[in-house]
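For reference, model-v6.cif (mmCIF, C-alpha atoms):
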```cif
data_target
loop_
_atom_site.label_atom_id
_atom_site.label_comp_id
_atom_site.auth_asym_id
_atom_site.auth_seq_id
_atom_site.Cartn_x
_atom_site.Cartn_y
_atom_site.Cartn_z
CA MET P 1 -9.02 6.16 -14.09
CA ASN P 2 -12.75 6.93 -14.09
CA GLY P 3 -13.44 3.36 -13.01
CA ILE P 4 -11.02 3.67 -10.11
CA LEU P 5 -12.52 6.97 -8.98
CA LYS P 6 -16.03 5.49 -9.15
CA TYR P 7 -14.96 2.42 -7.19
CA TYR P 8 -13.45 4.40 -4.33
CA GLU P 9 -16.27 6.92 -4.26
CA GLU P 10 -18.57 3.99 -3.46
CA TYR P 11 -16.21 1.83 -1.36
CA ASP P 12 -15.79 2.30 2.41
CA GLU P 13 -12.01 2.66 2.49
CA ASP P 14 -12.14 4.15 5.98
CA LYS P 15 -12.94 0.80 7.62
CA ARG P 16 -10.90 -1.50 5.36
CA LEU P 17 -7.83 -1.78 7.59
CA PHE P 18 -9.77 -2.58 10.76
CA LYS P 19 -12.80 -4.68 9.83
CA SER P 20 -11.22 -8.09 10.56
CA ASN P 21 -8.14 -9.68 12.07
CA VAL P 22 -6.68 -10.24 8.61
CA ASN P 23 -7.21 -6.62 7.63
CA LYS P 24 -5.61 -5.46 10.88
CA LEU P 25 -2.46 -7.43 10.05
CA GLU P 26 -1.70 -5.11 7.13
CA PHE P 27 -1.94 -1.95 9.25
CA MET P 28 -0.17 -3.42 12.29
CA THR P 29 2.72 -4.77 10.24
CA THR P 30 3.17 -1.57 8.26
CA ILE P 31 3.40 0.68 11.32
CA GLU P 32 5.51 -1.85 13.25
CA LYS P 33 8.17 -1.84 10.54
CA LEU P 34 7.98 1.88 9.76
CA ASN P 35 8.17 2.88 13.43
CA SER P 36 11.64 1.36 13.60
CA ILE P 37 12.73 3.69 10.77
CA ILE P 38 10.77 6.94 11.04
CA LYS P 39 12.41 9.39 13.43
CA LEU P 40 10.82 12.00 15.66
CA GLY P 41 10.27 15.17 13.66
CA ASP P 42 10.41 13.53 10.23
CA LYS P 43 8.19 15.30 7.70
CA ILE P 44 5.91 12.87 5.84
CA ILE P 45 3.90 12.89 2.63
CA GLU P 46 1.41 10.07 2.12
CA LEU P 47 0.52 9.36 -1.51
CA GLY P 48 -2.84 7.69 -1.96
CA ALA P 49 -3.72 8.48 1.63
CA GLY P 50 -7.25 7.12 1.35
CA THR P 51 -9.21 8.41 4.33
CA GLY P 52 -6.03 9.11 6.29
CA ASN P 53 -5.59 6.21 8.69
CA TYR P 54 -1.81 6.25 8.41
CA SER P 55 -1.67 10.05 8.17
CA PHE P 56 -3.57 10.48 11.42
CA TYR P 57 -1.53 7.78 13.13
CA TYR P 58 1.67 9.67 12.38
CA ASN P 59 0.09 13.01 13.17
CA ASP P 60 -0.75 11.63 16.62
CA LYS P 61 2.94 10.78 17.00
CA GLY P 62 3.82 14.41 16.36
CA HIS P 63 4.72 14.38 12.67
CA GLU P 64 3.84 16.99 10.09
CA VAL P 65 1.93 15.11 7.37
CA MET P 66 0.75 15.95 3.87
CA ALA P 67 -2.12 13.62 2.87
CA LEU P 68 -2.51 13.37 -0.91
CA ASP P 69 -5.24 11.43 -2.69
CA ILE P 70 -6.88 11.47 -6.11
CA VAL P 71 -10.40 10.68 -4.82
CA PRO P 72 -12.37 13.80 -3.78
CA LYS P 73 -14.46 11.80 -1.29
CA HIS P 74 -11.32 10.72 0.55
CA ILE P 75 -9.99 14.25 0.85
CA GLU P 76 -13.37 15.42 2.16
CA ILE P 77 -13.33 12.70 4.82
CA ILE P 78 -9.77 13.62 5.89
CA GLU P 79 -10.65 17.30 6.11
CA GLN P 80 -13.71 16.51 8.24
CA LYS P 81 -11.53 14.40 10.56
CA ILE P 82 -9.01 17.24 10.80
CA LYS P 83 -11.78 19.54 12.05
CA GLU P 84 -13.10 16.96 14.51
CA LYS P 85 -9.65 16.07 15.86
CA ASN P 86 -8.18 19.57 15.57
CA SER P 87 -5.19 18.01 13.81
CA GLU P 88 -3.22 21.08 12.81
CA LYS P 89 -0.19 19.15 11.51
CA ILE P 90 -2.10 17.42 8.69
CA LYS P 91 -2.59 19.15 5.35
CA THR P 92 -4.48 17.73 2.37
CA TYR P 93 -3.88 17.78 -1.36
CA LEU P 94 -6.21 16.52 -4.09
CA GLY P 95 -4.01 15.16 -6.84
CA SER P 96 -2.10 12.30 -8.41
CA ALA P 97 0.95 10.50 -7.08
CA THR P 98 2.44 10.74 -10.59
CA ASP P 99 2.73 14.54 -10.46
CA LEU P 100 4.10 16.18 -7.31
CA SER P 101 5.17 19.37 -9.10
CA ASP P 102 3.54 21.54 -6.42
CA PHE P 103 6.06 20.19 -3.90
CA SER P 104 9.69 21.29 -3.79
CA ASP P 105 12.70 19.06 -4.29
CA GLU P 106 13.93 17.35 -1.10
CA SER P 107 11.05 18.64 1.02
CA PHE P 108 10.12 15.40 2.86
CA ASP P 109 11.96 12.89 5.01
CA ILE P 110 9.45 10.11 4.35
CA VAL P 111 7.23 9.24 1.39
CA LEU P 112 4.48 6.70 2.08
CA CYS P 113 3.18 5.29 -1.20
CA LEU P 114 0.69 2.83 0.27
CA GLY P 115 -1.85 2.54 -2.53
CA PRO P 116 -1.00 4.19 -5.88
CA MET P 117 1.03 1.27 -7.24
CA TYR P 118 -2.07 -0.94 -6.97
CA HIS P 119 -3.74 0.99 -9.78
CA LEU P 120 -1.03 2.57 -11.97
CA THR P 121 -1.31 0.32 -15.01
CA SER P 122 1.05 2.11 -17.40
CA VAL P 123 4.81 1.84 -16.98
CA GLU P 124 5.09 5.59 -17.58
CA ASP P 125 2.81 6.34 -14.62
CA GLN P 126 4.61 3.82 -12.42
CA VAL P 127 7.98 5.36 -13.24
CA ASN P 128 6.67 8.90 -12.71
CA CYS P 129 5.30 7.95 -9.30
CA ILE P 130 8.63 6.56 -8.11
CA LYS P 131 10.70 9.34 -9.72
CA GLU P 132 8.51 12.04 -8.18
CA SER P 133 8.74 10.31 -4.80
CA ARG P 134 12.51 10.34 -5.09
CA ARG P 135 12.60 14.00 -6.14
CA VAL P 136 10.67 15.25 -3.11
CA LEU P 137 12.69 13.10 -0.70
CA LYS P 138 15.62 14.55 1.20
CA LYS P 139 19.04 12.91 1.00
CA ASP P 140 18.85 9.41 2.54
CA GLY P 141 15.04 9.79 2.76
CA ILE P 142 12.81 6.72 3.04
CA LEU P 143 10.18 5.58 0.53
CA ALA P 144 7.69 2.86 1.56
CA ILE P 145 5.80 1.31 -1.35
CA ALA P 146 2.83 -1.02 -0.92
CA TYR P 147 2.26 -3.49 -3.74
CA ILE P 148 -0.05 -6.40 -4.53
CA ASN P 149 1.60 -9.74 -5.07
CA LYS P 150 1.10 -11.65 -8.34
CA HIS P 151 1.46 -15.05 -6.70
CA TYR P 152 -1.18 -14.35 -4.06
CA ILE P 153 -3.58 -13.09 -6.73
CA LEU P 154 -3.07 -16.24 -8.77
CA ALA P 155 -3.40 -18.65 -5.85
CA ASN P 156 -6.38 -16.98 -4.20
CA THR P 157 -8.32 -16.05 -7.34
CA MET P 158 -7.91 -19.39 -9.08
CA LEU P 159 -9.01 -21.30 -5.99
CA ASN P 160 -11.93 -19.11 -4.98
CA ASN P 161 -13.26 -17.44 -8.11
CA ASN P 162 -12.99 -20.08 -10.86
CA TYR P 163 -10.17 -18.31 -12.69
CA LEU P 164 -8.26 -21.54 -13.31
CA LYS P 165 -7.41 -20.60 -16.90
CA GLU P 166 -4.14 -20.48 -18.78
CA SER P 167 -5.00 -17.04 -20.17
CA PHE P 168 -5.50 -15.62 -16.67
CA ILE P 169 -2.26 -17.14 -15.38
CA GLU P 170 -0.24 -15.86 -18.34
CA LYS P 171 -1.72 -12.36 -18.23
CA THR P 172 -1.06 -12.04 -14.50
CA LEU P 173 2.48 -13.41 -14.60
CA VAL P 174 3.66 -11.71 -17.78
CA ASN P 175 1.92 -8.32 -17.69
CA GLY P 176 0.68 -8.03 -14.13
CA VAL P 177 -1.93 -5.54 -15.36
CA MET P 178 -5.71 -5.81 -15.49
CA LYS P 179 -7.63 -3.15 -17.41
CA SER P 180 -11.30 -2.42 -16.76
CA GLY P 181 -12.46 -4.03 -20.01
CA ASP P 182 -10.33 -7.17 -19.79
CA GLU P 183 -12.21 -10.47 -19.84
CA ASP P 184 -10.29 -11.82 -16.84
CA ASN P 185 -10.47 -8.68 -14.72
CA PHE P 186 -12.11 -9.40 -11.36
CA TRP P 187 -11.59 -5.95 -9.79
CA VAL P 188 -10.90 -2.41 -11.07
CA GLU P 189 -7.87 -1.42 -13.15
CA SER P 190 -4.99 -2.90 -11.20
CA ASN P 191 -1.32 -3.73 -11.26
CA TYR P 192 0.62 -6.58 -9.63
CA PHE P 193 4.30 -7.32 -8.95
CA THR P 194 6.28 -10.23 -7.61
CA PRO P 195 8.58 -9.30 -4.70
CA LYS P 196 11.60 -9.58 -7.01
CA GLU P 197 9.97 -7.43 -9.72
CA ILE P 198 9.16 -4.54 -7.36
CA GLU P 199 12.74 -4.55 -6.10
CA GLU P 200 14.24 -4.48 -9.60
CA PHE P 201 11.80 -1.81 -10.78
CA VAL P 202 12.33 0.59 -7.87
CA ASP P 203 16.06 0.10 -7.32
CA LYS P 204 17.00 1.12 -10.87
CA ILE P 205 15.32 4.51 -10.33
CA GLY P 206 17.80 5.39 -7.60
CA PHE P 207 17.01 3.60 -4.36
CA GLU P 208 18.68 1.11 -2.05
CA LYS P 209 16.76 -1.75 -0.45
CA VAL P 210 16.00 -1.54 3.26
CA SER P 211 13.49 -4.39 3.53
CA ASN P 212 10.73 -6.23 1.67
CA ILE P 213 7.87 -7.28 3.92
CA ALA P 214 4.90 -9.62 3.59
CA THR P 215 2.39 -7.37 5.31
CA ASP P 216 -0.41 -9.98 5.36
CA GLY P 217 1.88 -13.00 5.44
CA ILE P 218 -0.08 -16.24 5.22
CA GLY P 219 -3.05 -14.61 6.95
CA ARG P 220 -5.24 -14.03 3.91
CA LEU P 221 -4.77 -17.56 2.60
CA PHE P 222 -6.35 -18.74 5.87
CA SER P 223 -8.55 -15.72 6.47
CA GLU P 224 -11.58 -17.59 7.82
CA LYS P 225 -9.45 -19.26 10.49
CA VAL P 226 -7.48 -16.12 11.38
CA ASN P 227 -10.67 -14.06 11.65
CA SER P 228 -12.15 -16.62 14.05
CA PHE P 229 -9.25 -16.30 16.51
CA SER P 230 -9.90 -15.02 20.00
CA GLU P 231 -8.01 -11.90 21.04
CA LYS P 232 -5.37 -14.01 22.78
CA GLU P 233 -5.01 -16.38 19.80
CA PHE P 234 -4.68 -13.48 17.40
CA GLU P 235 -1.92 -11.93 19.52
CA ILE P 236 0.02 -15.21 19.38
CA PHE P 237 -0.47 -15.45 15.62
CA LYS P 238 0.50 -11.80 15.15
CA GLY P 239 3.70 -12.41 17.11
CA TYR P 240 4.67 -15.22 14.74
CA HIS P 241 3.71 -13.12 11.72
CA LEU P 242 5.86 -10.16 12.78
CA VAL P 243 8.99 -12.27 13.20
CA SER P 244 8.44 -14.14 9.91
CA CYS P 245 7.13 -11.46 7.53
CA GLU P 246 10.58 -10.52 6.20
CA ASP P 247 11.52 -14.12 5.45
CA GLU P 248 12.10 -14.20 1.69
CA SER P 249 10.62 -17.68 1.44
CA LEU P 250 7.23 -16.32 2.60
CA LEU P 251 6.98 -13.10 0.58
CA GLY P 252 5.13 -14.67 -2.33
CA TYR P 253 2.25 -15.90 -0.15
CA SER P 254 1.21 -12.44 1.01
CA ASN P 255 -1.55 -10.44 -0.66
CA HIS P 256 0.09 -7.10 0.15
CA GLY P 257 3.80 -6.41 0.26
CA LEU P 258 5.70 -3.40 1.58
CA TYR P 259 8.98 -2.50 -0.08
CA ILE P 260 11.00 -0.01 1.97
CA VAL P 261 13.92 1.76 0.29
CA LYS P 262 16.36 4.59 0.93
CA LYS P 263 17.15 7.35 -1.57
CA SER P 264 20.60 6.73 -3.02
#
```
Kindly transcribe the structure held in the file into structure tokens.
Amino acid sequence: MNGILKYYEEYDEDKRLFKSNVNKLEFMTTIEKLNSIIKLGDKIIELGAGTGNYSFYYNDKGHEVMALDIVPKHIEIIEQKIKEKNSEKIKTYLGSATDLSDFSDESFDIVLCLGPMYHLTSVEDQVNCIKESRRVLKKDGILAIAYINKHYILANTMLNNNYLKESFIEKTLVNGVMKSGDEDNFWVESNYFTPKEIEEFVDKIGFEKVSNIATDGIGRLFSEKVNSFSEKEFEIFKGYHLVSCEDESLLGYSNHGLYIVKKS
């Protein structure tokens, strides 16, 4: 956990979702799909809120939002933005997505878990995160979980970073976990699922599938080309992406996935 905190204290998370066409796809796709589900007046908690890009988006749409993150720097940035924007409907909480004990049962309509599952490397923490999300959700509440796809990691990393090794393939496919001291780790402590694995893992905790979405689609596999698009070209590509990103045959190509479920 110390390695993760150090990484995000130094990394500019605030600009990540907007610094290129490919990065924009993740944000655009997430809000496009969630906007068809989230209703006016829904109360939202965002776990792993980062610097609050989604939290402020939904605040601007009139929602009451609780932005939770484990990185002190992120909470400081959100609180500064709240002052600058006078965003009275956003509250902050410094803490872990695995322990929501300060929040009452069935107190939120929507839980956005758009980052924690990237870095929860123990099964116990993963289960606690999903169970706690379910506990604080109201009846029929919606949980949106972002995850990183094993197949994208394998394809992209082996091709671009010389990780074409049987040990790396096996570790990624079988365990899906990279610890900070692992020989094959190319990032911080991280956790990966296939689209099928995230569905099986979450559903057994008490949820029903709404949709599983390839939030980047094929964009990151062709990032140099996509980032070179003109504004008009990108709009055409985005249109194709939005109509294809729920196609099950394409889910495995996406770097990020978004699994949306309803509390059962």
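Each of P:Lys24, P:Leu120, P:Ser211, P:Ser133 was checked against Gly176 in chain P using only C-alpha atoms; the smallest atom-to-atom distance is that of P:Leu120.
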Could you spell out the hits of the PyMOL selection byres ((chain P and resi 35-45) around 6) on the shown file, as a ChimeraX atom specification?
/P:31-34,46,63-66,108-111
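The spacing separating CA of Lys204 in chain P from CA of Arg135 in chain P amounts to 14.4 Å.
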Please evaluate the PyMOL selection byres ((chain P and resi 213-221) around 10) against the displayed coordinates and give the resulting residues as JSON, numbers by chain.
{"P": [21, 22, 23, 24, 25, 26, 27, 28, 29, 30, 33, 146, 147, 149, 152, 155, 156, 195, 210, 211, 212, 222, 223, 224, 225, 226, 227, 237, 238, 240, 241, 242, 244, 245, 246, 247, 248, 250, 251, 252, 253, 254, 255, 256, 257, 258, 259, 260]}
Grab the residues selected above and save them as a PDB file, keeping the file's coordinate frame with C-alpha atoms.
```pdb
ATOM      1  CA  ASN P  21      -8.140  -9.680  12.070  1.00  0.00           C
ATOM      2  CA  VAL P  22      -6.680 -10.240   8.610  1.00  0.00           C
ATOM      3  CA  ASN P  23      -7.210  -6.620   7.630  1.00  0.00           C
ATOM      4  CA  LYS P  24      -5.610  -5.460  10.880  1.00  0.00           C
ATOM      5  CA  LEU P  25      -2.460  -7.430  10.050  1.00  0.00           C
ATOM      6  CA  GLU P  26      -1.700  -5.110   7.130  1.00  0.00           C
ATOM      7  CA  PHE P  27      -1.940  -1.950   9.250  1.00  0.00           C
ATOM      8  CA  MET P  28      -0.170  -3.420  12.290  1.00  0.00           C
ATOM      9  CA  THR P  29       2.720  -4.770  10.240  1.00  0.00           C
ATOM     10  CA  THR P  30       3.170  -1.570   8.260  1.00  0.00           C
ATOM     11  CA  LYS P  33       8.170  -1.840  10.540  1.00  0.00           C
ATOM     12  CA  ALA P 146       2.830  -1.020  -0.920  1.00  0.00           C
ATOM     13  CA  TYR P 147       2.260  -3.490  -3.740  1.00  0.00           C
ATOM     14  CA  ASN P 149       1.600  -9.740  -5.070  1.00  0.00           C
ATOM     15  CA  TYR P 152      -1.180 -14.350  -4.060  1.00  0.00           C
ATOM     16  CA  ALA P 155      -3.400 -18.650  -5.850  1.00  0.00           C
ATOM     17  CA  ASN P 156      -6.380 -16.980  -4.200  1.00  0.00           C
ATOM     18  CA  PRO P 195       8.580  -9.300  -4.700  1.00  0.00           C
ATOM     19  CA  VAL P 210      16.000  -1.540   3.260  1.00  0.00           C
ATOM     20  CA  SER P 211      13.490  -4.390   3.530  1.00  0.00           C
ATOM     21  CA  ASN P 212      10.730  -6.230   1.670  1.00  0.00           C
ATOM     22  CA  PHE P 222      -6.350 -18.740   5.870  1.00  0.00           C
ATOM     23  CA  SER P 223      -8.550 -15.720   6.470  1.00  0.00           C
ATOM     24  CA  GLU P 224     -11.580 -17.590   7.820  1.00  0.00           C
ATOM     25  CA  LYS P 225      -9.450 -19.260  10.490  1.00  0.00           C
ATOM     26  CA  VAL P 226      -7.480 -16.120  11.380  1.00  0.00           C
ATOM     27  CA  ASN P 227     -10.670 -14.060  11.650  1.00  0.00           C
ATOM     28  CA  PHE P 237      -0.470 -15.450  15.620  1.00  0.00           C
ATOM     29  CA  LYS P 238       0.500 -11.800  15.150  1.00  0.00           C
ATOM     30  CA  TYR P 240       4.670 -15.220  14.740  1.00  0.00           C
ATOM     31  CA  HIS P 241       3.710 -13.120  11.720  1.00  0.00           C
ATOM     32  CA  LEU P 242       5.860 -10.160  12.780  1.00  0.00           C
ATOM     33  CA  SER P 244       8.440 -14.140   9.910  1.00  0.00           C
ATOM     34  CA  CYS P 245       7.130 -11.460   7.530  1.00  0.00           C
ATOM     35  CA  GLU P 246      10.580 -10.520   6.200  1.00  0.00           C
ATOM     36  CA  ASP P 247      11.520 -14.120   5.450  1.00  0.00           C
ATOM     37  CA  GLU P 248      12.100 -14.200   1.690  1.00  0.00           C
ATOM     38  CA  LEU P 250       7.230 -16.320   2.600  1.00  0.00           C
ATOM     39  CA  LEU P 251       6.980 -13.100   0.580  1.00  0.00           C
ATOM     40  CA  GLY P 252       5.130 -14.670  -2.330  1.00  0.00           C
ATOM     41  CA  TYR P 253       2.250 -15.900  -0.150  1.00  0.00           C
ATOM     42  CA  SER P 254       1.210 -12.440   1.010  1.00  0.00           C
ATOM     43  CA  ASN P 255      -1.550 -10.440  -0.660  1.00  0.00           C
ATOM     44  CA  HIS P 256       0.090  -7.100   0.150  1.00  0.00           C
ATOM     45  CA  GLY P 257       3.800  -6.410   0.260  1.00  0.00           C
ATOM     46  CA  LEU P 258       5.700  -3.400   1.580  1.00  0.00           C
ATOM     47  CA  TYR P 259       8.980  -2.500  -0.080  1.00  0.00           C
ATOM     48  CA  ILE P 260      11.000  -0.010   1.970  1.00  0.00           C
TER      49      ILE P 260
END
```
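Note that the spacing between CA of Gly141 in chain P and CA of Ile205 in chain P amounts to 14.1 Å.
When only C-alpha atoms are used to compute distances to Lys138 in chain P, the closest of the residues P:Ser264, P:Ser180, P:Thr194, P:Gln80 turns out to be P:Ser264.
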Counting all atoms listed in the file, the residue of P:Ser20, P:Val136, P:Val127, P:Phe186 that sits nearest Leu154 in chain P:
P:Phe186
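With only C-alpha atoms as the atoms that count, the minimum distance from Ser104 in chain P to the choices P:Asp14, P:Arg134, P:Pro116, P:Ile77 is reached by P:Arg134.
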Suppose you want the space between CA of Gly52 in chain P and CA of Arg16 in chain P; what is it in Å?
11.7 Å
Running the PyMOL selection byres ((chain P and resi 82) around 12) on this model by hand, what would come out? Give it as an MDAnalysis selection string.
chainID P and resid 51:53 55:56 59:60 65 67 75:81 83:92
Keeping C-alpha atoms, export the residues of the selection given above as an mmCIF file, keeping the file's coordinate frame.
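Final output, selection-v8.cif:
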```
data_model
loop_
_atom_site.group_PDB
_atom_site.id
_atom_site.type_symbol
_atom_site.label_atom_id
_atom_site.label_comp_id
_atom_site.auth_asym_id
_atom_site.auth_seq_id
_atom_site.Cartn_x
_atom_site.Cartn_y
_atom_site.Cartn_z
ATOM 1 C CA THR P 51 -9.210 8.410 4.330
ATOM 2 C CA GLY P 52 -6.030 9.110 6.290
ATOM 3 C CA ASN P 53 -5.590 6.210 8.690
ATOM 4 C CA SER P 55 -1.670 10.050 8.170
ATOM 5 C CA PHE P 56 -3.570 10.480 11.420
ATOM 6 C CA ASN P 59 0.090 13.010 13.170
ATOM 7 C CA ASP P 60 -0.750 11.630 16.620
ATOM 8 C CA VAL P 65 1.930 15.110 7.370
ATOM 9 C CA ALA P 67 -2.120 13.620 2.870
ATOM 10 C CA ILE P 75 -9.990 14.250 0.850
ATOM 11 C CA GLU P 76 -13.370 15.420 2.160
ATOM 12 C CA ILE P 77 -13.330 12.700 4.820
ATOM 13 C CA ILE P 78 -9.770 13.620 5.890
ATOM 14 C CA GLU P 79 -10.650 17.300 6.110
ATOM 15 C CA GLN P 80 -13.710 16.510 8.240
ATOM 16 C CA LYS P 81 -11.530 14.400 10.560
ATOM 17 C CA LYS P 83 -11.780 19.540 12.050
ATOM 18 C CA GLU P 84 -13.100 16.960 14.510
ATOM 19 C CA LYS P 85 -9.650 16.070 15.860
ATOM 20 C CA ASN P 86 -8.180 19.570 15.570
ATOM 21 C CA SER P 87 -5.190 18.010 13.810
ATOM 22 C CA GLU P 88 -3.220 21.080 12.810
ATOM 23 C CA LYS P 89 -0.190 19.150 11.510
ATOM 24 C CA ILE P 90 -2.100 17.420 8.690
ATOM 25 C CA LYS P 91 -2.590 19.150 5.350
ATOM 26 C CA THR P 92 -4.480 17.730 2.370
#
```
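When all atoms listed in the file are used to compute distances to Ile4 in chain P, the closest of the residues P:Ile70, P:Leu112, P:Val177, P:Val123 turns out to be P:Ile70.
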Please return as an NGL selection string every residue within 12 Å of (0.5, -2.9, -14.9), taking into account all atoms listed in the file and the file's own coordinates.
:P and (116-127 or 147-148 or 150 or 171-180 or 189-194 or 197-198)
Using all atoms listed in the file, the best pick from P:Glu183, P:Glu166, P:Ser107, P:Val188 as closest to Leu5 in chain P would be P:Val188
